[in-house]
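Student: The following file, entry.txt, comprises compact mmCIF, C-alpha atoms and all ligand atoms:
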# COMPACT_ATOMS: atom_id res chain seq x y z
CA MET A 7 -29.49 -2.48 10.29
CA LYS A 8 -26.42 -4.00 8.65
CA GLU A 9 -23.26 -3.20 10.57
CA GLN A 10 -20.78 -0.96 8.77
CA LYS A 11 -17.63 -2.80 7.69
CA LYS A 12 -14.42 -1.62 9.38
CA ILE A 13 -11.29 -2.69 7.61
CA TYR A 14 -7.87 -1.36 8.55
CA PHE A 15 -5.13 -0.90 5.95
CA ASP A 16 -3.05 1.73 7.75
CA TYR A 17 -0.55 -0.34 9.71
CA ALA A 18 2.30 2.07 8.98
CA ALA A 19 0.43 4.73 10.96
CA THR A 20 -0.06 2.44 13.92
CA THR A 21 -0.87 -1.14 14.84
CA PRO A 22 -3.28 -2.61 17.36
CA ILE A 23 -1.71 -4.00 20.52
CA ASP A 24 -1.20 -7.74 20.25
CA LYS A 25 -3.24 -9.54 22.91
CA LYS A 26 -0.14 -11.23 24.31
CA VAL A 27 1.51 -7.82 24.61
CA PHE A 28 -1.53 -6.41 26.38
CA GLU A 29 -1.60 -9.35 28.81
CA SER A 30 2.09 -8.85 29.60
CA MET A 31 1.47 -5.17 30.41
CA LYS A 32 -1.64 -5.53 32.56
CA PRO A 33 0.02 -6.36 35.91
CA TYR A 34 2.18 -3.24 35.62
CA LEU A 35 -0.87 -1.04 35.15
CA THR A 36 -2.59 -2.49 38.22
CA ASP A 37 -1.04 -4.50 41.09
CA GLN A 38 2.62 -4.04 40.16
CA PHE A 39 2.40 -0.29 39.96
CA GLY A 40 5.68 0.58 41.71
CA ASN A 41 8.03 3.29 40.54
CA ALA A 42 11.04 1.45 39.12
CA SER A 43 13.36 3.96 40.82
CA SER A 44 12.01 3.17 44.30
CA HIS A 45 14.10 0.87 46.45
CA HIS A 46 11.28 -0.91 48.25
CA LEU A 47 9.74 -4.17 47.09
CA PHE A 48 7.20 -2.47 44.79
CA GLY A 49 9.98 -0.57 43.05
CA GLN A 50 12.22 -3.60 42.81
CA LYS A 51 9.47 -5.65 41.13
CA ALA A 52 8.96 -2.88 38.59
CA MET A 53 12.69 -2.52 37.93
CA SER A 54 13.09 -6.24 37.51
CA ALA A 55 10.42 -6.16 34.76
CA VAL A 56 12.25 -3.25 33.10
CA ASP A 57 15.55 -5.16 33.28
CA LYS A 58 13.96 -8.25 31.77
CA SER A 59 12.56 -6.25 28.89
CA ARG A 60 15.86 -4.44 28.34
CA ASP A 61 17.70 -7.78 28.25
CA SER A 62 15.39 -9.30 25.66
CA ILE A 63 15.53 -6.17 23.48
CA ALA A 64 19.34 -6.21 23.73
CA ALA A 65 19.36 -9.87 22.66
CA PHE A 66 17.13 -9.00 19.66
CA LEU A 67 19.40 -6.15 18.57
CA GLY A 68 22.62 -7.95 19.51
CA CYS A 69 23.78 -5.14 21.78
CA LEU A 70 24.47 -4.57 25.48
CA PRO A 71 21.45 -4.00 27.74
CA LYS A 72 22.93 -0.67 28.87
CA GLU A 73 22.93 0.48 25.26
CA VAL A 74 19.10 0.44 25.22
CA ILE A 75 17.61 3.79 26.31
CA PHE A 76 13.85 3.91 26.75
CA THR A 77 12.08 6.97 25.34
CA SER A 78 8.49 7.96 24.62
CA GLY A 79 8.70 6.81 20.99
CA ALA A 80 10.64 7.27 17.78
CA THR A 81 10.03 11.03 17.66
CA ALA A 82 11.74 11.37 21.05
CA SER A 83 14.52 8.97 20.01
CA ASN A 84 15.20 10.82 16.78
CA ASN A 85 15.27 14.19 18.53
CA LEU A 86 17.59 12.84 21.21
CA ALA A 87 19.95 11.29 18.68
CA ILE A 88 20.23 14.47 16.63
CA GLN A 89 19.93 17.29 19.14
CA GLY A 90 21.86 15.39 21.79
CA LEU A 91 24.86 14.85 19.55
CA VAL A 92 25.28 17.84 17.27
CA ASP A 93 26.43 21.35 18.20
CA SER A 94 26.49 24.65 16.41
CA GLY A 95 29.22 24.82 13.75
CA GLN A 96 28.92 21.11 13.01
CA HIS A 97 27.39 19.35 10.01
CA ILE A 98 24.66 16.71 9.58
CA ILE A 99 23.90 14.67 6.48
CA THR A 100 20.42 13.24 6.13
CA SER A 101 18.14 12.30 3.25
CA ILE A 102 15.42 14.35 1.63
CA ILE A 103 12.75 11.76 2.47
CA GLU A 104 13.12 11.39 6.23
CA HIS A 105 10.19 11.39 8.64
CA PRO A 106 9.46 14.92 10.00
CA SER A 107 10.83 13.88 13.39
CA VAL A 108 14.22 13.81 11.66
CA SER A 109 13.82 16.41 8.90
CA GLU A 110 12.18 19.06 11.06
CA THR A 111 14.68 18.48 13.85
CA CYS A 112 17.43 19.05 11.29
CA GLN A 113 15.70 22.24 10.10
CA ALA A 114 15.51 23.48 13.68
CA MET A 115 19.22 22.69 14.08
CA GLU A 116 19.97 24.87 11.04
CA GLU A 117 18.53 27.81 12.95
CA ARG A 118 21.05 27.03 15.70
CA GLY A 119 24.03 27.25 13.37
CA VAL A 120 24.25 23.61 12.32
CA ALA A 121 24.83 22.95 8.61
CA VAL A 122 22.61 20.26 7.08
CA THR A 123 22.87 18.46 3.74
CA TYR A 124 19.71 16.75 2.52
CA ALA A 125 20.86 13.98 0.14
CA ASN A 126 18.56 13.25 -2.78
CA VAL A 127 16.98 9.94 -3.65
CA ASP A 128 16.64 8.27 -7.04
CA ALA A 129 13.33 7.76 -8.86
CA ASN A 130 12.72 4.61 -6.78
CA GLY A 131 13.23 6.43 -3.49
CA LEU A 132 16.67 5.03 -2.68
CA VAL A 133 19.13 7.48 -1.20
CA ILE A 134 22.03 8.33 -3.54
CA ILE A 135 25.10 7.20 -1.61
CA ASP A 136 27.40 9.26 -3.79
CA GLU A 137 25.62 12.41 -2.60
CA ILE A 138 26.33 11.42 0.99
CA LYS A 139 29.95 10.74 0.11
CA ARG A 140 30.40 14.09 -1.61
CA ALA A 141 28.75 15.99 1.23
CA ILE A 142 31.11 14.71 3.97
CA ASN A 143 33.39 17.46 5.28
CA ASP A 144 35.61 18.07 8.31
CA ASN A 145 32.64 19.27 10.38
CA THR A 146 30.39 16.30 9.66
CA VAL A 147 29.49 14.56 12.92
CA LEU A 148 26.26 12.77 12.08
CA ILE A 149 24.67 10.92 9.19
CA SER A 150 21.00 10.14 9.81
CA ILE A 151 19.23 7.89 7.33
CA MET A 152 15.96 6.02 7.81
CA TYR A 153 15.99 2.23 7.40
CA VAL A 154 12.56 2.00 5.72
CA ASN A 155 10.56 4.91 4.35
CA ASN A 156 7.15 5.26 5.97
CA GLU A 157 5.33 6.41 2.83
CA ILE A 158 6.69 4.17 0.08
CA GLY A 159 8.27 1.31 2.05
CA THR A 160 11.67 1.40 0.34
CA ILE A 161 14.54 -0.17 2.28
CA GLN A 162 17.54 2.14 2.31
CA PRO A 163 21.08 0.80 1.72
CA ILE A 164 22.02 1.01 5.42
CA LYS A 165 24.89 -1.49 5.28
CA GLU A 166 26.49 0.30 2.32
CA ILE A 167 26.21 3.65 4.07
CA HIS A 168 27.80 2.12 7.16
CA GLN A 169 30.66 0.80 5.02
CA LEU A 170 31.21 4.26 3.58
CA ILE A 171 31.19 5.86 7.04
CA SER A 172 33.59 3.38 8.58
CA LYS A 173 35.99 3.81 5.66
CA VAL A 174 35.90 7.59 6.08
CA ASN A 175 36.25 7.27 9.86
CA ASP A 176 39.47 5.27 9.45
CA SER A 177 41.32 8.39 8.40
CA ARG A 178 39.84 11.21 10.48
CA ARG A 179 39.91 12.47 14.04
CA GLN A 180 36.29 13.64 14.28
CA LYS A 181 34.29 10.44 14.09
CA ILE A 182 31.10 10.53 12.05
CA TYR A 183 28.25 8.84 13.92
CA PHE A 184 25.52 6.94 12.11
CA HIS A 185 21.90 7.26 13.21
CA VAL A 186 19.20 5.01 11.74
CA ASP A 187 15.49 5.64 12.22
CA ALA A 188 14.30 2.03 12.12
CA SER A 189 10.66 2.70 13.09
CA GLN A 190 9.20 1.04 10.00
CA ALA A 191 11.79 -1.73 9.66
CA VAL A 192 11.52 -3.87 12.78
CA ASN A 193 8.84 -6.26 11.53
CA TYR A 194 10.62 -7.04 8.28
CA CYS A 195 14.34 -6.32 8.27
CA ASP A 196 17.59 -7.57 9.78
CA MET A 197 17.84 -5.66 13.05
CA LYS A 198 21.24 -6.82 14.27
CA ILE A 199 23.25 -3.74 15.18
CA LYS A 200 26.52 -5.37 14.11
CA THR A 201 25.30 -5.83 10.54
CA LEU A 202 23.72 -2.40 10.34
CA GLY A 203 26.68 -0.59 11.87
CA ALA A 204 24.48 2.03 13.52
CA ASP A 205 25.79 4.04 16.48
CA LEU A 206 22.27 5.24 17.23
CA LEU A 207 18.99 3.59 16.22
CA SER A 208 15.36 4.51 16.90
CA ILE A 209 12.45 2.13 17.42
CA SER A 210 8.80 2.75 18.28
CA ALA A 211 6.54 0.16 19.96
CA HIS A 212 3.25 1.14 18.34
CA LYS A 213 4.49 0.18 14.85
CA ILE A 214 5.06 -3.41 15.99
CA TYR A 215 1.82 -4.29 17.80
CA GLY A 216 3.03 -2.67 21.02
CA PRO A 217 1.64 0.29 22.97
CA LYS A 218 1.82 3.95 21.97
CA GLY A 219 4.07 6.35 23.86
CA ILE A 220 7.07 4.06 24.28
CA GLY A 221 10.14 3.49 22.17
CA LEU A 222 13.87 3.25 22.47
CA LEU A 223 17.10 4.66 21.28
CA PHE A 224 19.99 2.25 20.89
CA LYS A 225 23.11 4.21 21.79
CA GLN A 226 26.38 2.48 21.29
CA GLU A 227 28.60 2.67 24.37
CA GLY A 228 30.81 5.75 24.13
CA VAL A 229 28.63 7.86 21.83
CA PRO A 230 28.78 11.30 23.48
CA LEU A 231 25.07 12.07 23.76
CA LYS A 232 23.80 14.95 25.89
CA PRO A 233 20.32 14.84 27.42
CA LEU A 234 17.61 17.15 26.11
CA GLN A 235 15.80 17.12 29.44
CA TYR A 236 17.00 17.18 33.01
CA GLY A 237 15.49 15.62 36.08
CA GLY A 238 15.93 12.20 37.65
CA HIS A 239 18.78 9.99 36.60
CA GLN A 240 16.79 7.32 34.83
CA GLU A 241 18.30 5.85 31.68
CA ASP A 242 21.78 7.08 32.58
CA ALA A 243 20.33 10.60 32.89
CA ILE A 244 20.03 10.73 29.08
CA SER A 245 16.27 10.17 29.03
CA PRO A 246 15.17 11.09 32.55
CA GLY A 247 11.69 10.73 33.97
CA THR A 248 9.71 8.03 35.78
CA LEU A 249 9.95 4.89 33.70
CA ASN A 250 6.85 3.80 31.80
CA VAL A 251 7.08 0.27 33.18
CA ALA A 252 3.98 -1.16 31.49
CA GLY A 253 5.04 0.41 28.18
CA ILE A 254 8.57 -0.95 28.51
CA VAL A 255 7.24 -4.44 29.27
CA GLY A 256 4.91 -4.14 26.26
CA LEU A 257 7.74 -3.00 23.99
CA GLY A 258 9.88 -5.95 25.14
CA LYS A 259 7.04 -8.39 24.48
CA ALA A 260 6.26 -6.85 21.07
CA ILE A 261 9.89 -7.24 20.07
CA GLU A 262 9.93 -10.81 21.36
CA LEU A 263 6.89 -11.55 19.14
CA VAL A 264 8.41 -10.11 15.95
CA LYS A 265 9.72 -13.54 14.99
CA GLU A 266 6.17 -14.92 15.11
CA ASN A 267 4.88 -12.42 12.55
CA ASN A 268 3.51 -14.12 9.49
CA ASN A 269 5.29 -12.00 6.90
CA LYS A 270 4.65 -14.65 4.21
CA GLN A 271 0.90 -14.09 4.54
CA ILE A 272 1.33 -10.28 4.39
CA LYS A 273 3.57 -10.64 1.35
CA SER A 274 1.14 -12.85 -0.50
CA LEU A 275 -1.82 -10.55 0.24
CA ALA A 276 0.19 -7.48 -0.78
CA ASN A 277 1.28 -9.17 -4.01
CA LYS A 278 -2.31 -10.01 -4.85
CA LEU A 279 -3.34 -6.43 -4.13
CA MET A 280 -0.51 -4.96 -6.18
CA LYS A 281 -1.09 -7.25 -9.16
CA ASN A 282 -4.84 -6.66 -9.20
CA VAL A 283 -4.63 -2.90 -8.83
CA ILE A 284 -2.09 -2.54 -11.63
CA GLU A 285 -3.98 -4.96 -13.94
CA LEU A 286 -7.54 -3.88 -13.23
CA ILE A 287 -7.22 -0.12 -12.76
CA PRO A 288 -5.94 1.76 -15.81
CA ASN A 289 -3.27 4.42 -15.29
CA SER A 290 -2.29 3.20 -11.88
CA GLN A 291 1.30 2.81 -10.71
CA LEU A 292 3.17 1.60 -7.66
CA ASN A 293 5.58 4.14 -6.18
CA GLY A 294 8.97 3.16 -4.82
CA ASP A 295 11.33 0.32 -5.54
CA LEU A 296 9.85 -3.00 -6.66
CA GLN A 297 12.52 -5.13 -4.97
CA LYS A 298 14.05 -3.12 -2.14
CA ARG A 299 10.86 -2.72 -0.17
CA ILE A 300 9.07 -4.11 2.84
CA PRO A 301 6.09 -6.19 1.67
CA SER A 302 3.42 -4.42 3.73
CA CYS A 303 3.59 -0.91 2.28
CA LEU A 304 2.00 -0.15 -1.10
CA ASN A 305 1.84 3.43 -2.33
CA PHE A 306 -0.17 3.84 -5.54
CA SER A 307 -0.78 6.82 -7.81
CA PHE A 308 -3.98 6.90 -9.88
CA LYS A 309 -3.59 9.42 -12.66
CA GLY A 310 -6.26 12.10 -12.80
CA VAL A 311 -7.83 11.30 -9.42
CA GLU A 312 -7.16 13.05 -6.12
CA GLY A 313 -5.83 10.74 -3.41
CA GLU A 314 -7.85 12.68 -0.84
CA ASN A 315 -11.10 11.79 -2.66
CA ILE A 316 -10.14 8.12 -2.89
CA PHE A 317 -9.34 8.21 0.82
CA LEU A 318 -12.73 9.73 1.69
CA LEU A 319 -14.77 7.32 -0.41
CA LEU A 320 -12.86 4.31 0.89
CA ASP A 321 -13.49 5.60 4.40
CA GLN A 322 -17.21 5.77 3.63
CA ALA A 323 -17.01 2.14 2.54
CA GLY A 324 -15.41 1.30 5.90
CA ILE A 325 -11.87 0.95 4.61
CA ALA A 326 -9.06 2.90 6.30
CA VAL A 327 -6.05 3.81 4.17
CA SER A 328 -3.89 6.93 4.13
CA THR A 329 -2.93 9.66 1.70
CA GLY A 330 0.63 9.64 3.04
CA ALA A 331 2.14 9.70 6.49
CA ALA A 332 -0.53 9.85 9.22
CA CYS A 333 0.92 13.09 10.60
CA ALA A 334 0.74 14.77 7.16
CA SER A 335 -2.52 13.38 5.80
CA GLY A 336 -5.31 15.88 5.45
CA SER A 337 -2.74 18.56 4.64
CA HIS A 338 -3.76 18.76 0.93
CA GLU A 339 -0.10 19.34 0.13
CA PRO A 340 1.60 16.88 -2.21
CA SER A 341 3.83 14.42 -0.39
CA SER A 342 7.41 15.69 -0.27
CA VAL A 343 8.55 12.07 -0.53
CA LEU A 344 6.74 11.56 -3.85
CA LEU A 345 7.99 14.92 -5.15
CA ALA A 346 11.53 13.79 -4.22
CA LEU A 347 11.07 10.77 -6.54
CA GLY A 348 10.48 13.26 -9.36
CA HIS A 349 6.68 13.00 -9.47
CA SER A 350 4.71 16.01 -10.66
CA GLN A 351 2.54 17.79 -8.08
CA GLU A 352 -0.52 16.32 -9.78
CA LEU A 353 0.74 12.74 -9.66
CA ALA A 354 1.90 13.16 -6.07
CA LEU A 355 -1.59 14.36 -5.12
CA SER A 356 -3.16 11.34 -6.79
CA SER A 357 -1.63 8.86 -4.37
CA ILE A 358 -2.76 6.72 -1.50
CA ARG A 359 -0.80 4.54 0.88
CA ILE A 360 -2.13 1.10 1.73
CA THR A 361 -0.29 -0.70 4.51
CA LEU A 362 -1.07 -4.25 5.54
CA GLY A 363 -0.66 -6.00 8.84
CA LYS A 364 -0.89 -9.42 10.41
CA ILE A 365 -4.64 -9.23 10.97
CA ASN A 366 -5.64 -8.58 7.35
CA THR A 367 -7.40 -11.37 5.47
CA GLU A 368 -7.77 -12.27 1.81
CA SER A 369 -11.45 -11.32 1.80
CA GLU A 370 -10.53 -7.85 3.10
CA VAL A 371 -8.04 -7.48 0.28
CA ASP A 372 -10.70 -8.58 -2.24
CA TYR A 373 -13.15 -6.04 -0.77
CA LEU A 374 -10.52 -3.31 -1.05
CA ILE A 375 -9.73 -4.19 -4.67
CA SER A 376 -13.36 -4.12 -5.77
CA ASN A 377 -14.04 -0.85 -3.93
CA LEU A 378 -10.94 0.78 -5.35
CA GLN A 379 -12.01 -0.20 -8.87
CA ILE A 380 -15.50 1.24 -8.43
CA ILE A 381 -14.34 4.41 -6.66
CA ILE A 382 -11.65 5.31 -9.16
CA GLU A 383 -13.93 4.67 -12.10
CA LYS A 384 -16.58 6.91 -10.53
CA LEU A 385 -14.12 9.67 -9.67
CA ARG A 386 -12.70 9.58 -13.19
CA SER A 387 -16.20 9.98 -14.58
CA GLY A 388 -16.77 13.02 -12.35
CA ASN A 389 -19.05 11.28 -9.82
CA HIS A 390 -17.95 11.97 -6.23
CA ASN A 391 -20.62 9.86 -4.49
CA ILE A 392 -20.21 6.22 -3.78
C1 LIG B 1 9.83 6.51 9.95
C2 LIG B 1 9.21 7.03 11.20
N1 LIG B 1 9.95 7.68 12.09
C3 LIG B 1 9.43 8.17 13.22
C4 LIG B 1 8.10 8.04 13.52
C5 LIG B 1 7.55 8.62 14.80
O1 LIG B 1 7.29 7.60 15.71
P1 LIG B 1 6.45 7.86 17.06
O2 LIG B 1 5.02 7.89 16.65
O3 LIG B 1 6.81 6.68 17.93
O4 LIG B 1 6.93 9.13 17.65
C6 LIG B 1 7.27 7.38 12.61
C7 LIG B 1 5.82 7.27 12.88
O5 LIG B 1 4.99 7.57 12.05
C8 LIG B 1 7.83 6.85 11.42
O6 LIG B 1 7.09 6.21 10.52
Rewrite the structure from the file as structure tokens, please.
Tutor:
Amino acid sequence: MKEQKKIYFDYAATTPIDKKVFESMKPYLTDQFGNASSHHLFGQKAMSAVDKSRDSIAAFLGCLPKEVIFTSGATASNNLAIQGLVDSGQHIITSIIEHPSVSETCQAMEERGVAVTYANVDANGLVIIDEIKRAINDNTVLISIMYVNNEIGTIQPIKEIHQLISKVNDSRRQKIYFHVDASQAVNYCDMKIKTLGADLLSISAHKIYGPKGIGLLFKQEGVPLKPLQYGGHQEDAISPGTLNVAGIVGLGKAIELVKENNNKQIKSLANKLMKNVIELIPNSQLNGDLQKRIPSCLNFSFKGVEGENIFLLLDQAGIAVSTGAACASGSHEPSSVLLALGHSQELALSSIRITLGKINTESEVDYLISNLQIIIEKLRSGNHNI
């Protein structure tokens, strides 16, 4: 029997662990199993690996090692940044297209007496800076904006927002802190803290060919963050709990390998895919900004066809894509991100997200293009079988 093809185009949901990352982690899952907080030799070996990883991450971000706080991933980092900083009576500004780990945390904060402004985006998915500017008031303590959107891949104007915040901060007593969820940006964007101007920044390892369940929050020295959990005093008591040594080593290695990513190859494959889809499939469109985007993330709408059906038929052909964010797919609700761009419910429901990674090949892209053509033609003619 012919083996079923398995082709992965969902790298924004998660990435496979790079073999070099896996090799770097192995000793800390077996022989070097010590608790990094223990003072004996086993513990010291573990802590020395943690320190090494923290140092190389700090070098990558251009920050101090003590400003790197390990967490269980970007969801934990985002929650810590928001809930750990803001109190009742204060005000947060965020965008309307944030990942749920930011938007739902903000909604929960509203129930605790925190005011939240959700700034709109333009038709290309770029946050409207003027809306942020107008929303700032005396109680504003935090502005949280994602670096790259996980559904449409648009790169937000982080540096411009930083410039606005530092100008405002010049003339006020209550400093406004800037949090950036950079989960989808690390592989493609400038990550130097100095240029970004972030006070807090979230990263997740499993988006960059590292392991799941580990991430970090950059916290600039002096940012008054309170812990959400209490226990041991790991990570300056801000993120307590036994350190995930193997995960931390894997995150450090994954970050070290970012510079080796072949983004040129991803860009050229994505361009081929985009060009072919738009040219060969009538009534198709790319969502998001054409220029201000990471190359790997392509979100298409196909008028008159349900994204969920395209997803299912591609899956049957062995091709994994997504109808939106992994955590929301299968919900049968239109994507709130696409609605925020001004799409109708119908158009928003006719979308799929294709995200490429460093393992994809040209023949996989060709296979995807031909399957997409066939599937959409069939669905448009009322035939739901492949
Ligand atoms: C933009 C963004 N923020 C946060 C997260 C959550 O990351 P994690 O899975 O590490 O909790 C994701 C993952 O989908 C994401 O894409």
Student: For a test of reading the model, state the distance in Å between CA of His239 in chain A and CA of Lys51 in chain A, rounded to one decimal.
Tutor: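 CA of Lys51 in chain A lies at a distance of 18.8 Å from CA of His239 in chain A.
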Student: Mind checking which residues fall within 12 Å of range 64-66 of chain A, counting only C-alpha atoms, ignoring those fewer than 3 positions away in the same chain, and posting them as a ChimeraX atom specification?
Tutor: /A:57-61,69-76,192-193,196-200,222-226,257-265
Student: If we count all atoms listed in the file, what is near range 17-21 of chain A at a cut-off of 8 Å, once residues fewer than 5 positions away on the same chain are taken out, given as a PyMOL selection string?
Tutor: chain A and resi 156+190+212-216+303+331-332+361-363
Student: Report as CSV the residues of chain A within 9 Å of ligand LIG 1 (chain B), each with its shortest atom pair and distance in Å (one decimal), using all atoms listed in the file, ordered by chain and increasing residue number.
Tutor:
residue,atom,partner,partner_atom,distance
A:Ala18,CA,B:LIG1,O6,6.5
A:Ala19,CA,B:LIG1,O5,5.5
A:Thr20,CA,B:LIG1,O5,7.4
A:Ser78,CA,B:LIG1,O3,7.0
A:Gly79,CA,B:LIG1,O3,3.6
A:Ala80,CA,B:LIG1,O3,3.9
A:Thr81,CA,B:LIG1,O4,3.6
A:Ala82,CA,B:LIG1,O4,6.3
A:Ser83,CA,B:LIG1,O4,8.0
A:Asn84,CA,B:LIG1,C3,7.3
A:Glu104,CA,B:LIG1,C1,7.0
A:His105,CA,B:LIG1,C1,5.1
A:Pro106,CA,B:LIG1,C3,7.5
A:Ser107,CA,B:LIG1,C3,5.9
A:Val108,CA,B:LIG1,N1,7.5
A:Met152,CA,B:LIG1,C1,6.5
A:Tyr153,CA,B:LIG1,C1,7.9
A:Val154,CA,B:LIG1,C1,6.8
A:Asn155,CA,B:LIG1,C1,5.9
A:Asn156,CA,B:LIG1,O6,4.6
A:Glu157,CA,B:LIG1,O6,7.9
A:Asp187,CA,B:LIG1,N1,5.9
A:Ala188,CA,B:LIG1,C1,6.7
A:Ser189,CA,B:LIG1,C2,4.9
A:Gln190,CA,B:LIG1,C1,5.5
A:Ala191,CA,B:LIG1,C1,8.5
A:Ser208,CA,B:LIG1,C3,7.9
A:Ile209,CA,B:LIG1,O3,7.3
A:Ser210,CA,B:LIG1,O3,4.4
A:Ala211,CA,B:LIG1,O3,6.8
A:His212,CA,B:LIG1,O3,6.6
A:Lys213,CA,B:LIG1,C7,7.5
A:Lys218,CA,B:LIG1,O3,7.0
A:Gly219,CA,B:LIG1,O3,6.5
A:Ile220,CA,B:LIG1,O3,6.9
A:Gly221,CA,B:LIG1,O3,6.3
A:Ala331,CA,B:LIG1,O5,6.6
A:Ala332,CA,B:LIG1,O5,6.6
A:Cys333,CA,B:LIG1,O5,7.0
Student: Restricting the output to C-alpha atoms, write the selected residues as a short mmCIF file (atom, residue, chain, number, x, y, z; two decimals), in the coordinates of the input.
Tutor:
data_model
loop_
_atom_site.label_atom_id
_atom_site.label_comp_id
_atom_site.auth_asym_id
_atom_site.auth_seq_id
_atom_site.Cartn_x
_atom_site.Cartn_y
_atom_site.Cartn_z
CA ALA A 18 2.30 2.07 8.98
CA ALA A 19 0.43 4.73 10.96
CA THR A 20 -0.06 2.44 13.92
CA SER A 78 8.49 7.96 24.62
CA GLY A 79 8.70 6.81 20.99
CA ALA A 80 10.64 7.27 17.78
CA THR A 81 10.03 11.03 17.66
CA ALA A 82 11.74 11.37 21.05
CA SER A 83 14.52 8.97 20.01
CA ASN A 84 15.20 10.82 16.78
CA GLU A 104 13.12 11.39 6.23
CA HIS A 105 10.19 11.39 8.64
CA PRO A 106 9.46 14.92 10.00
CA SER A 107 10.83 13.88 13.39
CA VAL A 108 14.22 13.81 11.66
CA MET A 152 15.96 6.02 7.81
CA TYR A 153 15.99 2.23 7.40
CA VAL A 154 12.56 2.00 5.72
CA ASN A 155 10.56 4.91 4.35
CA ASN A 156 7.15 5.26 5.97
CA GLU A 157 5.33 6.41 2.83
CA ASP A 187 15.49 5.64 12.22
CA ALA A 188 14.30 2.03 12.12
CA SER A 189 10.66 2.70 13.09
CA GLN A 190 9.20 1.04 10.00
CA ALA A 191 11.79 -1.73 9.66
CA SER A 208 15.36 4.51 16.90
CA ILE A 209 12.45 2.13 17.42
CA SER A 210 8.80 2.75 18.28
CA ALA A 211 6.54 0.16 19.96
CA HIS A 212 3.25 1.14 18.34
CA LYS A 213 4.49 0.18 14.85
CA LYS A 218 1.82 3.95 21.97
CA GLY A 219 4.07 6.35 23.86
CA ILE A 220 7.07 4.06 24.28
CA GLY A 221 10.14 3.49 22.17
CA ALA A 331 2.14 9.70 6.49
CA ALA A 332 -0.53 9.85 9.22
CA CYS A 333 0.92 13.09 10.60
#
Student: Can you tell me, as a CSV table (one decimal) with C-alpha atoms, keeping the file's coordinate frame, what residues are no more than 12 Å from range 284-291 of chain A when counting only C-alpha atoms, ignoring any on the same chain fewer than 4 positions away?
Tutor:
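And here's part.csv as it stands now:
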chain,number,residue,atom,x,y,z
A,277,ASN,CA,1.3,-9.2,-4.0
A,278,LYS,CA,-2.3,-10.0,-4.8
A,279,LEU,CA,-3.3,-6.4,-4.1
A,280,MET,CA,-0.5,-5.0,-6.2
A,295,ASP,CA,11.3,0.3,-5.5
A,296,LEU,CA,9.8,-3.0,-6.7
A,304,LEU,CA,2.0,-0.2,-1.1
A,305,ASN,CA,1.8,3.4,-2.3
A,306,PHE,CA,-0.2,3.8,-5.5
A,307,SER,CA,-0.8,6.8,-7.8
A,308,PHE,CA,-4.0,6.9,-9.9
A,309,LYS,CA,-3.6,9.4,-12.7
A,310,GLY,CA,-6.3,12.1,-12.8
A,311,VAL,CA,-7.8,11.3,-9.4
A,313,GLY,CA,-5.8,10.7,-3.4
A,349,HIS,CA,6.7,13.0,-9.5
A,353,LEU,CA,0.7,12.7,-9.7
A,354,ALA,CA,1.9,13.2,-6.1
A,356,SER,CA,-3.2,11.3,-6.8
A,357,SER,CA,-1.6,8.9,-4.4
A,358,ILE,CA,-2.8,6.7,-1.5
A,359,ARG,CA,-0.8,4.5,0.9
A,375,ILE,CA,-9.7,-4.2,-4.7
A,376,SER,CA,-13.4,-4.1,-5.8
A,377,ASN,CA,-14.0,-0.8,-3.9
A,378,LEU,CA,-10.9,0.8,-5.4
A,379,GLN,CA,-12.0,-0.2,-8.9
A,380,ILE,CA,-15.5,1.2,-8.4
A,381,ILE,CA,-14.3,4.4,-6.7
A,382,ILE,CA,-11.6,5.3,-9.2
A,383,GLU,CA,-13.9,4.7,-12.1
A,384,LYS,CA,-16.6,6.9,-10.5
A,386,ARG,CA,-12.7,9.6,-13.2
Student: Calculate how many Å separate CA of Leu292 in chain A from CA of Leu345 in chain A, rounding to one decimal.
Tutor: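 So the answer is 14.4 Å.
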Student: Anything within 7 Å of (-2.8, -4.0, 23.0): list those residues as a ChimeraX atom specification, counting all atoms listed in the file and sticking to the file's coordinates.
Tutor: /A:22-25,27-28,215-217
Student: Which polymer residues, whether protein, DNA or RNA, lie within 7 Å of the coordinate (25.9, 15.2, 24.2) when you count all atoms listed in the file? List them as a list in words, using the chain letters and numbers from the file.
Tutor: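 I get Gly90, Leu91, Pro230, Leu231, Lys232 and Pro233 of chain A for the residues within 7 Å of that point.
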Student: Using only the atoms of range 167-186 of chain A listed in the file, plus 4 Å on each side, state the axis-aligned box centre and edge lengths in Å rounded to one decimal, as JSON.
Tutor:
{"center_x": 30.3, "center_y": 7.2, "center_z": 8.9, "size_x": 30.1, "size_y": 20.8, "size_z": 18.7}
Student: If you count all atoms listed in the file, which residues fall within 7 Å of Ala204 in chain A, apart from same-chain ones fewer than 6 positions away, as an mmCIF file with C-alpha atoms, keeping the file's coordinate frame?
Tutor:
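Everything below was put into out07.cif:
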data_model
loop_
_atom_site.group_PDB
_atom_site.id
_atom_site.type_symbol
_atom_site.label_atom_id
_atom_site.label_comp_id
_atom_site.auth_asym_id
_atom_site.auth_seq_id
_atom_site.Cartn_x
_atom_site.Cartn_y
_atom_site.Cartn_z
ATOM 1 C CA PHE A 184 25.520 6.940 12.110
ATOM 2 C CA HIS A 185 21.900 7.260 13.210
ATOM 3 C CA VAL A 186 19.200 5.010 11.740
#
